[in-house]
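See below for final-v8.pdb, which holds PDB, C-alpha atoms, pLDDT in the B column.
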ATOM      1  CA  MET A   1     -77.134   4.557  14.570  1.00 52.00           C
ATOM      2  CA  LEU A   2     -75.417   4.257  11.194  1.00 62.00           C
ATOM      3  CA  LYS A   3     -74.310   7.562   9.731  1.00 74.00           C
ATOM      4  CA  HIS A   4     -74.253   8.416   6.049  1.00 80.00           C
ATOM      5  CA  ALA A   5     -70.581   9.441   6.024  1.00 83.00           C
ATOM      6  CA  GLU A   6     -69.496   6.338   7.973  1.00 82.00           C
ATOM      7  CA  VAL A   7     -71.120   3.958   5.498  1.00 85.00           C
ATOM      8  CA  TRP A   8     -69.528   5.670   2.503  1.00 89.00           C
ATOM      9  CA  ARG A   9     -66.130   5.758   4.250  1.00 88.00           C
ATOM     10  CA  ALA A  10     -66.491   2.022   4.858  1.00 88.00           C
ATOM     11  CA  ILE A  11     -67.074   1.458   1.128  1.00 91.00           C
ATOM     12  CA  ASP A  12     -63.959   3.503   0.338  1.00 91.00           C
ATOM     13  CA  ARG A  13     -61.970   1.486   2.906  1.00 89.00           C
ATOM     14  CA  LEU A  14     -63.290  -1.784   1.505  1.00 90.00           C
ATOM     15  CA  ALA A  15     -62.217  -0.770  -1.999  1.00 90.00           C
ATOM     16  CA  ASP A  16     -58.766   0.224  -0.735  1.00 89.00           C
ATOM     17  CA  LYS A  17     -58.429  -3.025   1.219  1.00 87.00           C
ATOM     18  CA  TYR A  18     -58.830  -5.000  -1.998  1.00 87.00           C
ATOM     19  CA  GLY A  19     -56.610  -2.704  -4.041  1.00 88.00           C
ATOM     20  CA  LEU A  20     -59.450  -1.029  -5.893  1.00 89.00           C
ATOM     21  CA  SER A  21     -60.811   2.439  -6.438  1.00 90.00           C
ATOM     22  CA  PRO A  22     -64.512   3.013  -5.605  1.00 90.00           C
ATOM     23  CA  SER A  23     -65.315   2.812  -9.327  1.00 92.00           C
ATOM     24  CA  GLY A  24     -63.217  -0.349  -9.629  1.00 92.00           C
ATOM     25  CA  LEU A  25     -65.093  -1.863  -6.701  1.00 93.00           C
ATOM     26  CA  ALA A  26     -68.422  -1.064  -8.369  1.00 93.00           C
ATOM     27  CA  ARG A  27     -67.237  -2.565 -11.648  1.00 93.00           C
ATOM     28  CA  LYS A  28     -66.010  -5.735  -9.905  1.00 93.00           C
ATOM     29  CA  ALA A  29     -69.454  -6.099  -8.326  1.00 92.00           C
ATOM     30  CA  GLY A  30     -71.172  -5.806 -11.698  1.00 94.00           C
ATOM     31  CA  LEU A  31     -72.521  -2.330 -10.968  1.00 93.00           C
ATOM     32  CA  ASP A  32     -72.329   0.868 -12.965  1.00 91.00           C
ATOM     33  CA  PRO A  33     -68.760   2.169 -12.432  1.00 90.00           C
ATOM     34  CA  THR A  34     -70.134   5.495 -11.163  1.00 91.00           C
ATOM     35  CA  THR A  35     -72.307   3.901  -8.446  1.00 91.00           C
ATOM     36  CA  PHE A  36     -69.901   4.772  -5.626  1.00 91.00           C
ATOM     37  CA  ASN A  37     -68.560   8.051  -7.023  1.00 90.00           C
ATOM     38  CA  LYS A  38     -68.502  10.866  -4.488  1.00 88.00           C
ATOM     39  CA  SER A  39     -70.756  12.904  -6.778  1.00 87.00           C
ATOM     40  CA  LYS A  40     -73.446  10.226  -6.348  1.00 85.00           C
ATOM     41  CA  ARG A  41     -73.479  10.388  -2.559  1.00 88.00           C
ATOM     42  CA  ILE A  42     -75.432  13.622  -2.352  1.00 88.00           C
ATOM     43  CA  THR A  43     -78.324  14.470  -4.672  1.00 84.00           C
ATOM     44  CA  LYS A  44     -78.530  17.728  -6.626  1.00 82.00           C
ATOM     45  CA  GLU A  45     -81.040  18.865  -4.014  1.00 83.00           C
ATOM     46  CA  GLY A  46     -78.463  18.293  -1.279  1.00 83.00           C
ATOM     47  CA  LYS A  47     -80.102  15.178   0.156  1.00 83.00           C
ATOM     48  CA  GLN A  48     -78.045  12.212   1.327  1.00 85.00           C
ATOM     49  CA  ARG A  49     -78.065   9.209  -0.995  1.00 86.00           C
ATOM     50  CA  TRP A  50     -77.358   5.882   0.687  1.00 86.00           C
ATOM     51  CA  PRO A  51     -75.947   2.799  -1.036  1.00 86.00           C
ATOM     52  CA  SER A  52     -78.657   0.182  -1.540  1.00 84.00           C
ATOM     53  CA  THR A  53     -78.584  -3.127   0.309  1.00 81.00           C
ATOM     54  CA  GLU A  54     -78.467  -4.835  -3.102  1.00 85.00           C
ATOM     55  CA  SER A  55     -75.329  -2.959  -4.137  1.00 88.00           C
ATOM     56  CA  LEU A  56     -73.658  -3.690  -0.794  1.00 88.00           C
ATOM     57  CA  ALA A  57     -74.565  -7.363  -1.110  1.00 88.00           C
ATOM     58  CA  LYS A  58     -73.005  -7.504  -4.587  1.00 91.00           C
ATOM     59  CA  VAL A  59     -69.858  -5.818  -3.316  1.00 91.00           C
ATOM     60  CA  LEU A  60     -69.480  -8.285  -0.445  1.00 90.00           C
ATOM     61  CA  ALA A  61     -70.054 -11.210  -2.790  1.00 90.00           C
ATOM     62  CA  ALA A  62     -67.566  -9.895  -5.351  1.00 91.00           C
ATOM     63  CA  THR A  63     -64.794  -9.286  -2.801  1.00 91.00           C
ATOM     64  CA  GLY A  64     -65.534 -12.252  -0.575  1.00 90.00           C
ATOM     65  CA  ALA A  65     -65.793  -9.903   2.402  1.00 87.00           C
ATOM     66  CA  SER A  66     -68.202 -10.796   5.193  1.00 84.00           C
ATOM     67  CA  LEU A  67     -70.872  -8.515   6.601  1.00 80.00           C
ATOM     68  CA  ASN A  68     -68.979  -8.417   9.913  1.00 77.00           C
ATOM     69  CA  GLU A  69     -65.889  -7.256   8.019  1.00 81.00           C
ATOM     70  CA  PHE A  70     -67.867  -4.405   6.479  1.00 84.00           C
ATOM     71  CA  VAL A  71     -69.364  -3.521   9.872  1.00 79.00           C
ATOM     72  CA  ASP A  72     -65.847  -3.341  11.321  1.00 78.00           C
ATOM     73  CA  LEU A  73     -64.920  -0.879   8.559  1.00 82.00           C
ATOM     74  CA  VAL A  74     -67.941   1.238   9.479  1.00 79.00           C
ATOM     75  CA  ALA A  75     -66.846   1.219  13.118  1.00 71.00           C
ATOM     76  CA  GLU A  76     -63.347   2.337  12.112  1.00 67.00           C
ATOM     77  CA  GLY A  77     -64.944   5.492  10.746  1.00 55.00           C
ATOM     78  CA  GLY A  78     -65.730   6.638  14.255  1.00 48.00           C
ATOM     79  CA  GLY A  79     -69.003   4.759  14.690  1.00 47.00           C
ATOM     80  CA  GLY A  80     -67.869   2.741  17.663  1.00 46.00           C
ATOM     81  CA  GLY A  81     -71.522   2.100  18.472  1.00 51.00           C
ATOM     82  CA  ALA A  82     -72.303   1.197  14.881  1.00 58.00           C
ATOM     83  CA  THR A  83     -73.198  -2.398  15.694  1.00 66.00           C
ATOM     84  CA  ARG A  84     -75.635  -4.137  17.987  1.00 74.00           C
ATOM     85  CA  ARG A  85     -76.703  -7.646  18.818  1.00 79.00           C
ATOM     86  CA  VAL A  86     -79.943  -8.547  17.087  1.00 87.00           C
ATOM     87  CA  PRO A  87     -82.088 -11.590  17.918  1.00 91.00           C
ATOM     88  CA  VAL A  88     -82.111 -14.150  15.089  1.00 92.00           C
ATOM     89  CA  ILE A  89     -84.028 -17.327  14.306  1.00 92.00           C
ATOM     90  CA  GLY A  90     -84.324 -19.523  11.260  1.00 91.00           C
ATOM     91  CA  TYR A  91     -86.955 -18.457   8.730  1.00 90.00           C
ATOM     92  CA  ALA A  92     -88.741 -21.789   9.092  1.00 86.00           C
ATOM     93  CA  GLN A  93     -89.151 -21.170  12.833  1.00 89.00           C
ATOM     94  CA  ALA A  94     -90.910 -17.832  12.345  1.00 90.00           C
ATOM     95  CA  GLY A  95     -94.296 -19.460  11.839  1.00 87.00           C
ATOM     96  CA  ALA A  96     -94.111 -21.353  15.117  1.00 86.00           C
ATOM     97  CA  GLU A  97     -95.749 -20.120  18.298  1.00 85.00           C
ATOM     98  CA  GLY A  98     -93.706 -18.379  20.970  1.00 88.00           C
ATOM     99  CA  TYR A  99     -91.384 -16.237  18.841  1.00 91.00           C
ATOM    100  CA  PHE A 100     -93.574 -13.151  18.260  1.00 92.00           C
ATOM    101  CA  ASP A 101     -96.240 -11.260  20.118  1.00 89.00           C
ATOM    102  CA  ASP A 102     -99.451 -10.082  18.437  1.00 86.00           C
ATOM    103  CA  ALA A 103     -97.741  -6.905  17.201  1.00 87.00           C
ATOM    104  CA  GLY A 104     -94.963  -8.825  15.457  1.00 91.00           C
ATOM    105  CA  TYR A 105     -92.274  -8.002  18.020  1.00 91.00           C
ATOM    106  CA  PRO A 106     -89.767 -10.741  18.914  1.00 92.00           C
ATOM    107  CA  THR A 107     -90.479 -12.423  22.205  1.00 90.00           C
ATOM    108  CA  GLY A 108     -89.613 -15.572  24.119  1.00 84.00           C
ATOM    109  CA  SER A 109     -86.263 -17.198  24.846  1.00 81.00           C
ATOM    110  CA  GLY A 110     -85.659 -19.285  21.735  1.00 86.00           C
ATOM    111  CA  TRP A 111     -83.681 -16.671  19.850  1.00 93.00           C
ATOM    112  CA  ASP A 112     -79.960 -16.683  19.090  1.00 90.00           C
ATOM    113  CA  GLU A 113     -78.044 -13.445  18.479  1.00 85.00           C
ATOM    114  CA  VAL A 114     -76.079 -12.007  15.580  1.00 80.00           C
ATOM    115  CA  VAL A 115     -73.969  -8.828  15.413  1.00 74.00           C
ATOM    116  CA  LEU A 116     -75.229  -6.487  12.694  1.00 73.00           C
ATOM    117  CA  PRO A 117     -75.117  -2.781  11.809  1.00 68.00           C
ATOM    118  CA  ARG A 118     -76.957  -0.690  14.375  1.00 66.00           C
ATOM    119  CA  ILE A 119     -80.618  -0.191  13.522  1.00 72.00           C
ATOM    120  CA  GLU A 120     -82.640   2.372  15.404  1.00 75.00           C
ATOM    121  CA  ASP A 121     -85.669   0.129  15.911  1.00 84.00           C
ATOM    122  CA  PRO A 122     -85.174  -1.600  19.302  1.00 86.00           C
ATOM    123  CA  HIS A 123     -87.548  -4.348  18.154  1.00 90.00           C
ATOM    124  CA  ALA A 124     -85.551  -5.239  15.029  1.00 91.00           C
ATOM    125  CA  TYR A 125     -84.726  -8.896  14.550  1.00 93.00           C
ATOM    126  CA  ALA A 126     -83.119 -11.149  11.950  1.00 92.00           C
ATOM    127  CA  LEU A 127     -84.267 -14.211  10.037  1.00 93.00           C
ATOM    128  CA  GLU A 128     -81.897 -16.700   8.441  1.00 91.00           C
ATOM    129  CA  ILE A 129     -83.279 -17.726   5.064  1.00 90.00           C
ATOM    130  CA  SER A 130     -83.596 -21.422   4.274  1.00 87.00           C
ATOM    131  CA  GLY A 131     -84.504 -23.046   0.980  1.00 85.00           C
ATOM    132  CA  ASP A 132     -84.805 -21.554  -2.503  1.00 85.00           C
ATOM    133  CA  SER A 133     -88.319 -20.085  -2.465  1.00 86.00           C
ATOM    134  CA  MET A 134     -86.982 -16.502  -2.394  1.00 88.00           C
ATOM    135  CA  GLU A 135     -84.240 -16.823  -4.994  1.00 86.00           C
ATOM    136  CA  PRO A 136     -82.704 -14.923  -6.652  1.00 86.00           C
ATOM    137  CA  VAL A 137     -83.319 -12.067  -4.196  1.00 87.00           C
ATOM    138  CA  TYR A 138     -82.527 -14.042  -1.031  1.00 87.00           C
ATOM    139  CA  ARG A 139     -80.689 -17.363  -1.016  1.00 86.00           C
ATOM    140  CA  ASP A 140     -80.293 -20.164   1.472  1.00 87.00           C
ATOM    141  CA  GLY A 141     -78.167 -18.909   4.390  1.00 86.00           C
ATOM    142  CA  ASP A 142     -78.779 -15.185   3.797  1.00 86.00           C
ATOM    143  CA  VAL A 143     -79.808 -13.145   6.835  1.00 88.00           C
ATOM    144  CA  VAL A 144     -82.493 -10.465   6.552  1.00 90.00           C
ATOM    145  CA  VAL A 145     -83.064  -7.825   9.214  1.00 90.00           C
ATOM    146  CA  VAL A 146     -86.689  -6.933   9.854  1.00 94.00           C
ATOM    147  CA  SER A 147     -87.887  -3.722  11.497  1.00 92.00           C
ATOM    148  CA  PRO A 148     -91.445  -3.812  12.901  1.00 93.00           C
ATOM    149  CA  ASP A 149     -91.377  -0.071  13.715  1.00 91.00           C
ATOM    150  CA  THR A 150     -90.252   1.144  10.267  1.00 90.00           C
ATOM    151  CA  GLY A 151     -92.937   2.528   7.971  1.00 90.00           C
ATOM    152  CA  ILE A 152     -93.865   0.454   4.930  1.00 94.00           C
ATOM    153  CA  ARG A 153     -94.378   1.831   1.453  1.00 91.00           C
ATOM    154  CA  ARG A 154     -95.370   0.303  -1.851  1.00 92.00           C
ATOM    155  CA  GLY A 155     -92.429  -1.565  -3.345  1.00 92.00           C
ATOM    156  CA  ASP A 156     -90.832  -2.432   0.008  1.00 93.00           C
ATOM    157  CA  ARG A 157     -89.797  -6.001   0.729  1.00 94.00           C
ATOM    158  CA  VAL A 158     -91.636  -7.279   3.756  1.00 96.00           C
ATOM    159  CA  ILE A 159     -92.150 -10.235   6.043  1.00 95.00           C
ATOM    160  CA  VAL A 160     -95.829 -11.057   6.488  1.00 96.00           C
ATOM    161  CA  LYS A 161     -97.386 -13.380   9.033  1.00 94.00           C
ATOM    162  CA  THR A 162    -100.982 -14.451   8.492  1.00 95.00           C
ATOM    163  CA  THR A 163    -103.530 -15.318  11.138  1.00 93.00           C
ATOM    164  CA  ARG A 164    -103.105 -18.961  10.047  1.00 91.00           C
ATOM    165  CA  GLY A 165     -99.437 -18.864  11.073  1.00 89.00           C
ATOM    166  CA  GLU A 166     -98.021 -18.693   7.545  1.00 91.00           C
ATOM    167  CA  VAL A 167     -94.879 -16.546   7.202  1.00 91.00           C
ATOM    168  CA  MET A 168     -93.745 -15.217   3.843  1.00 92.00           C
ATOM    169  CA  ALA A 169     -91.239 -12.776   2.385  1.00 93.00           C
ATOM    170  CA  LYS A 170     -92.789 -10.732  -0.415  1.00 95.00           C
ATOM    171  CA  GLN A 171     -92.776  -7.292  -1.998  1.00 95.00           C
ATOM    172  CA  LEU A 172     -95.684  -5.024  -1.152  1.00 96.00           C
ATOM    173  CA  ALA A 173     -97.495  -4.209  -4.385  1.00 96.00           C
ATOM    174  CA  ARG A 174    -100.541  -2.463  -2.956  1.00 96.00           C
ATOM    175  CA  ARG A 175    -102.346  -2.049   0.337  1.00 95.00           C
ATOM    176  CA  SER A 176    -105.897  -0.798   0.788  1.00 95.00           C
ATOM    177  CA  ALA A 177    -108.395  -0.842   3.620  1.00 94.00           C
ATOM    178  CA  ARG A 178    -109.580  -4.281   2.507  1.00 96.00           C
ATOM    179  CA  LYS A 179    -106.728  -5.984   0.675  1.00 97.00           C
ATOM    180  CA  VAL A 180    -102.968  -6.485   0.811  1.00 97.00           C
ATOM    181  CA  GLU A 181    -101.405  -7.383  -2.546  1.00 97.00           C
ATOM    182  CA  LEU A 182     -98.000  -9.063  -2.422  1.00 97.00           C
ATOM    183  CA  THR A 183     -95.578  -9.852  -5.242  1.00 96.00           C
ATOM    184  CA  SER A 184     -93.445 -12.982  -4.997  1.00 95.00           C
ATOM    185  CA  LEU A 185     -89.656 -12.583  -4.959  1.00 92.00           C
ATOM    186  CA  ASN A 186     -89.373 -15.827  -6.922  1.00 91.00           C
ATOM    187  CA  SER A 187     -91.237 -15.921 -10.240  1.00 89.00           C
ATOM    188  CA  SER A 188     -91.957 -19.640  -9.805  1.00 91.00           C
ATOM    189  CA  HIS A 189     -94.020 -18.894  -6.692  1.00 91.00           C
ATOM    190  CA  PRO A 190     -97.435 -17.202  -6.904  1.00 93.00           C
ATOM    191  CA  ASP A 191     -98.223 -13.645  -5.914  1.00 96.00           C
ATOM    192  CA  ARG A 192    -100.681 -13.324  -3.041  1.00 96.00           C
ATOM    193  CA  ILE A 193    -103.733 -11.196  -2.349  1.00 97.00           C
ATOM    194  CA  LEU A 194    -104.847 -11.266   1.287  1.00 97.00           C
ATOM    195  CA  ASP A 195    -107.801  -9.748   3.089  1.00 97.00           C
ATOM    196  CA  THR A 196    -106.530  -7.314   5.707  1.00 96.00           C
ATOM    197  CA  GLU A 197    -108.165  -9.503   8.368  1.00 96.00           C
ATOM    198  CA  GLU A 198    -105.863 -12.360   7.304  1.00 97.00           C
ATOM    199  CA  VAL A 199    -102.692 -10.359   8.051  1.00 96.00           C
ATOM    200  CA  GLN A 200    -101.571 -10.705  11.659  1.00 94.00           C
ATOM    201  CA  TRP A 201     -98.611  -8.400  11.104  1.00 95.00           C
ATOM    202  CA  MET A 202     -96.330  -7.104   8.376  1.00 96.00           C
ATOM    203  CA  ALA A 203     -92.827  -5.670   8.846  1.00 95.00           C
ATOM    204  CA  ARG A 204     -90.283  -4.196   6.472  1.00 94.00           C
ATOM    205  CA  ILE A 205     -86.980  -5.848   5.563  1.00 92.00           C
ATOM    206  CA  VAL A 206     -84.363  -3.136   6.096  1.00 88.00           C
ATOM    207  CA  TRP A 207     -81.095  -5.029   5.599  1.00 84.00           C
ATOM    208  CA  ALA A 208     -79.846  -8.214   4.011  1.00 83.00           C
ATOM    209  CA  SER A 209     -76.477  -9.933   4.383  1.00 74.00           C
ATOM    210  CA  GLN A 210     -75.784 -11.908   1.234  1.00 58.00           C
TER
END

Mind converting the file's structure to C-alpha cells?
Amino acid sequence: MLKHAEVWRAIDRLADKYGLSPSGLARKAGLDPTTFNKSKRITKEGKQRWPSTESLAKVLAATGASLNEFVDLVAEGGGGGATRRVPVIGYAQAGAEGYFDDAGYPTGSGWDEVVLPRIEDPHAYALEISGDSMEPVYRDGDVVVVSPDTGIRRGDRVIVKTTRGEVMAKQLARRSARKVELTSLNSSHPDRILDTEEVQWMARIVWASQ
C-alpha cells in the first residue's frame, strides 16, 4: 500500500533528479509554486494531504518522466512492495463480453498486465484510453486505474457500464435512488442522465498515468 511519506519523498527525489527544488518542480509543471511545499503536506488539523493525480500527471509531463520511473522513486523510499501488477485492457474492449462479471470485477483471460503503484483494492484494473472523447482530462494512450471496491462520492471520476453494454468515463454529478447524473469530461460530448436500472456497474477512477 502506498504511504503518504513515501509519495512525498518520491516527489522530492523527482525534483532533485531534474535539478529542481520542490517549488521549482511545481512551477515547471504549471502549478502554484507552493503546491509541493512541506507545509502543504499536512493540514492545519493534522490530516495528511496527498498530491492529486492531476498534479502528478502534470509533473510527469513537464519532466518527461514515466509513471514507472516515479513508482521506482516511491519504492526507493522503503516501499519495496509499493507496486503491483494490475490487469489492463483497451478502453474500447471494456464494453465487450467476457471481461467483467456482473459486479464489475475483471474476469476472463483476455487481460494484459501493467505495473502500477500498489492499490489496496484486489479487484483494481486498468483501462488504456483510446480516441479523443475524454480530452482534455484523459488523452489517447493514457492509462486509468479503476477500483470497484472504492466508495464513490459526488464529483468523482468514474467508469460506468450500462445494461446495454455501453462503457463511459464521466464525472458523477448526482446519484439518487432513481437517477444517476453524469457530467462529460469533454465539453463537446453530452452529459448523461441514466435510470439506476440502466447502470450495470459504476467504479471510481483512482489513478491516471498521463

Around all of region 93-103 of chain A's listed atoms, make the axis-aligned box with 4 Å on each side and tell me centre and edge lengths in Å to one decimal, as AutoDock Vina command-line options.
--center_x -94.3 --center_y -14.1 --center_z 16.4 --size_x 18.3 --size_y 22.4 --size_z 17.1

Given the PyMOL selection byres ((chain A and resi 163-178) around 7) and the file above, list the residues it selects as a PDB file with C-alpha atoms, in the frame of the given file.
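Output file selection00.pdb follows:
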ATOM      1  CA  ALA A  94     -90.910 -17.832  12.345  1.00 90.00           C
ATOM      2  CA  GLY A  95     -94.296 -19.460  11.839  1.00 87.00           C
ATOM      3  CA  ARG A 154     -95.370   0.303  -1.851  1.00 92.00           C
ATOM      4  CA  GLY A 155     -92.429  -1.565  -3.345  1.00 92.00           C
ATOM      5  CA  ASP A 156     -90.832  -2.432   0.008  1.00 93.00           C
ATOM      6  CA  ARG A 157     -89.797  -6.001   0.729  1.00 94.00           C
ATOM      7  CA  VAL A 158     -91.636  -7.279   3.756  1.00 96.00           C
ATOM      8  CA  ILE A 159     -92.150 -10.235   6.043  1.00 95.00           C
ATOM      9  CA  VAL A 160     -95.829 -11.057   6.488  1.00 96.00           C
ATOM     10  CA  LYS A 161     -97.386 -13.380   9.033  1.00 94.00           C
ATOM     11  CA  THR A 162    -100.982 -14.451   8.492  1.00 95.00           C
ATOM     12  CA  LYS A 179    -106.728  -5.984   0.675  1.00 97.00           C
ATOM     13  CA  VAL A 180    -102.968  -6.485   0.811  1.00 97.00           C
ATOM     14  CA  GLU A 181    -101.405  -7.383  -2.546  1.00 97.00           C
ATOM     15  CA  LEU A 182     -98.000  -9.063  -2.422  1.00 97.00           C
ATOM     16  CA  THR A 183     -95.578  -9.852  -5.242  1.00 96.00           C
ATOM     17  CA  SER A 184     -93.445 -12.982  -4.997  1.00 95.00           C
ATOM     18  CA  LEU A 185     -89.656 -12.583  -4.959  1.00 92.00           C
ATOM     19  CA  ASP A 195    -107.801  -9.748   3.089  1.00 97.00           C
ATOM     20  CA  THR A 196    -106.530  -7.314   5.707  1.00 96.00           C
ATOM     21  CA  GLU A 198    -105.863 -12.360   7.304  1.00 97.00           C
ATOM     22  CA  VAL A 199    -102.692 -10.359   8.051  1.00 96.00           C
ATOM     23  CA  GLN A 200    -101.571 -10.705  11.659  1.00 94.00           C
TER      24      GLN A 200
END

Discussion item. Applying 9 Å and all atoms listed in the file, which residues near Ser66 (chain A) remain after dropping the ones on its own chain fewer than 4 positions away? List them as a ChimeraX atom specification.
Written reply: /A:60-61,70-71,209-210

Worksheet item: What separation in Å, quoted to one decimal, exists between CA of Tyr91 (chain A) and CA of Asn68 (chain A)?
Response: 20.6 Å

Worksheet item: How would you write, as a count of residues only, the residues chosen by the PyMOL selection byres ((chain A and resi 26-35) around 10) on this structure?
Response: 24

Practice prompt. Please evaluate the PyMOL selection byres ((chain A and resi 10) around 9) against the structure above and give the resulting residues as a PyMOL selection string.
Written response: chain A and resi 5-9+11-15+70-77

Fill in: Residue among A:Asp101, A:Asp149, A:Arg204, A:Ile89 lying closest to Glu128 (chain A), counting all atoms listed in the file
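Comparing A:Asp101, A:Asp149, A:Arg204, A:Ile89 against Glu128 (chain A), the winner is A:Ile89.
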
Item to complete: Rank A:Glu197, A:Asp16, A:Asp191, A:Glu113 by their smallest atom-to-atom distance to Val143 (chain A), using all atoms listed in the file, and report the top residue only.
Response: A:Glu113

Worksheet item: Which value, in Å to one decimal, gives the distance between CA of Ala126 (chain A) and CA of Ser52 (chain A)?
Response: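 Between these atoms lies a distance of 18.2 Å.
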
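The interatomic distance for the pair CA of Arg139 (chain A) and CA of Ser187 (chain A) works out to 14.1 Å.
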
Discussion item. Around (-87.8, -6.3, 9.8), as given in the file, which residues come within 6 Å? Count all atoms listed in the file and list them as JSON, numbers by chain.
Written reply: {"A": [124, 145, 146, 147, 148, 203, 204, 205, 206]}

Fill in: Best match for closeness to Lys3 (chain A) among A:Ile193, A:Tyr125, A:Gly110, A:Gln48, counting all atoms listed in the file
A:Gln48

Discussion item. I'd like the contact shell of Gly108 (chain A) - 12 Å cut-off, all atoms listed in the file, skipping same-chain residues fewer than 2 positions apart - returned as a PyMOL selection string.
Written reply: chain A and resi 87-89+96-101+105-106+110-112

Fill in: Which of A:Gly104, A:Gly141, A:Gly64, A:Asp121 sits closest to Tyr18 (chain A) [using all atoms listed in the file]
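Closest to Tyr18 (chain A) of all the choices is A:Gly64.
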
Go through region 41-107 of chain A and flag each residue having an atom no more than 9 Å from region 129-137 of chain A; for those, report the closest pair of atoms plus their distance in Å to one decimal, using only C-alpha atoms, ordered by chain and rising number, as CSV.
residue,atom,partner,partner_atom,distance
A:Glu54,CA,A:Val137,CA,8.8
A:Gly90,CA,A:Ile129,CA,6.5
A:Tyr91,CA,A:Ile129,CA,5.2
A:Ala92,CA,A:Ser130,CA,7.1
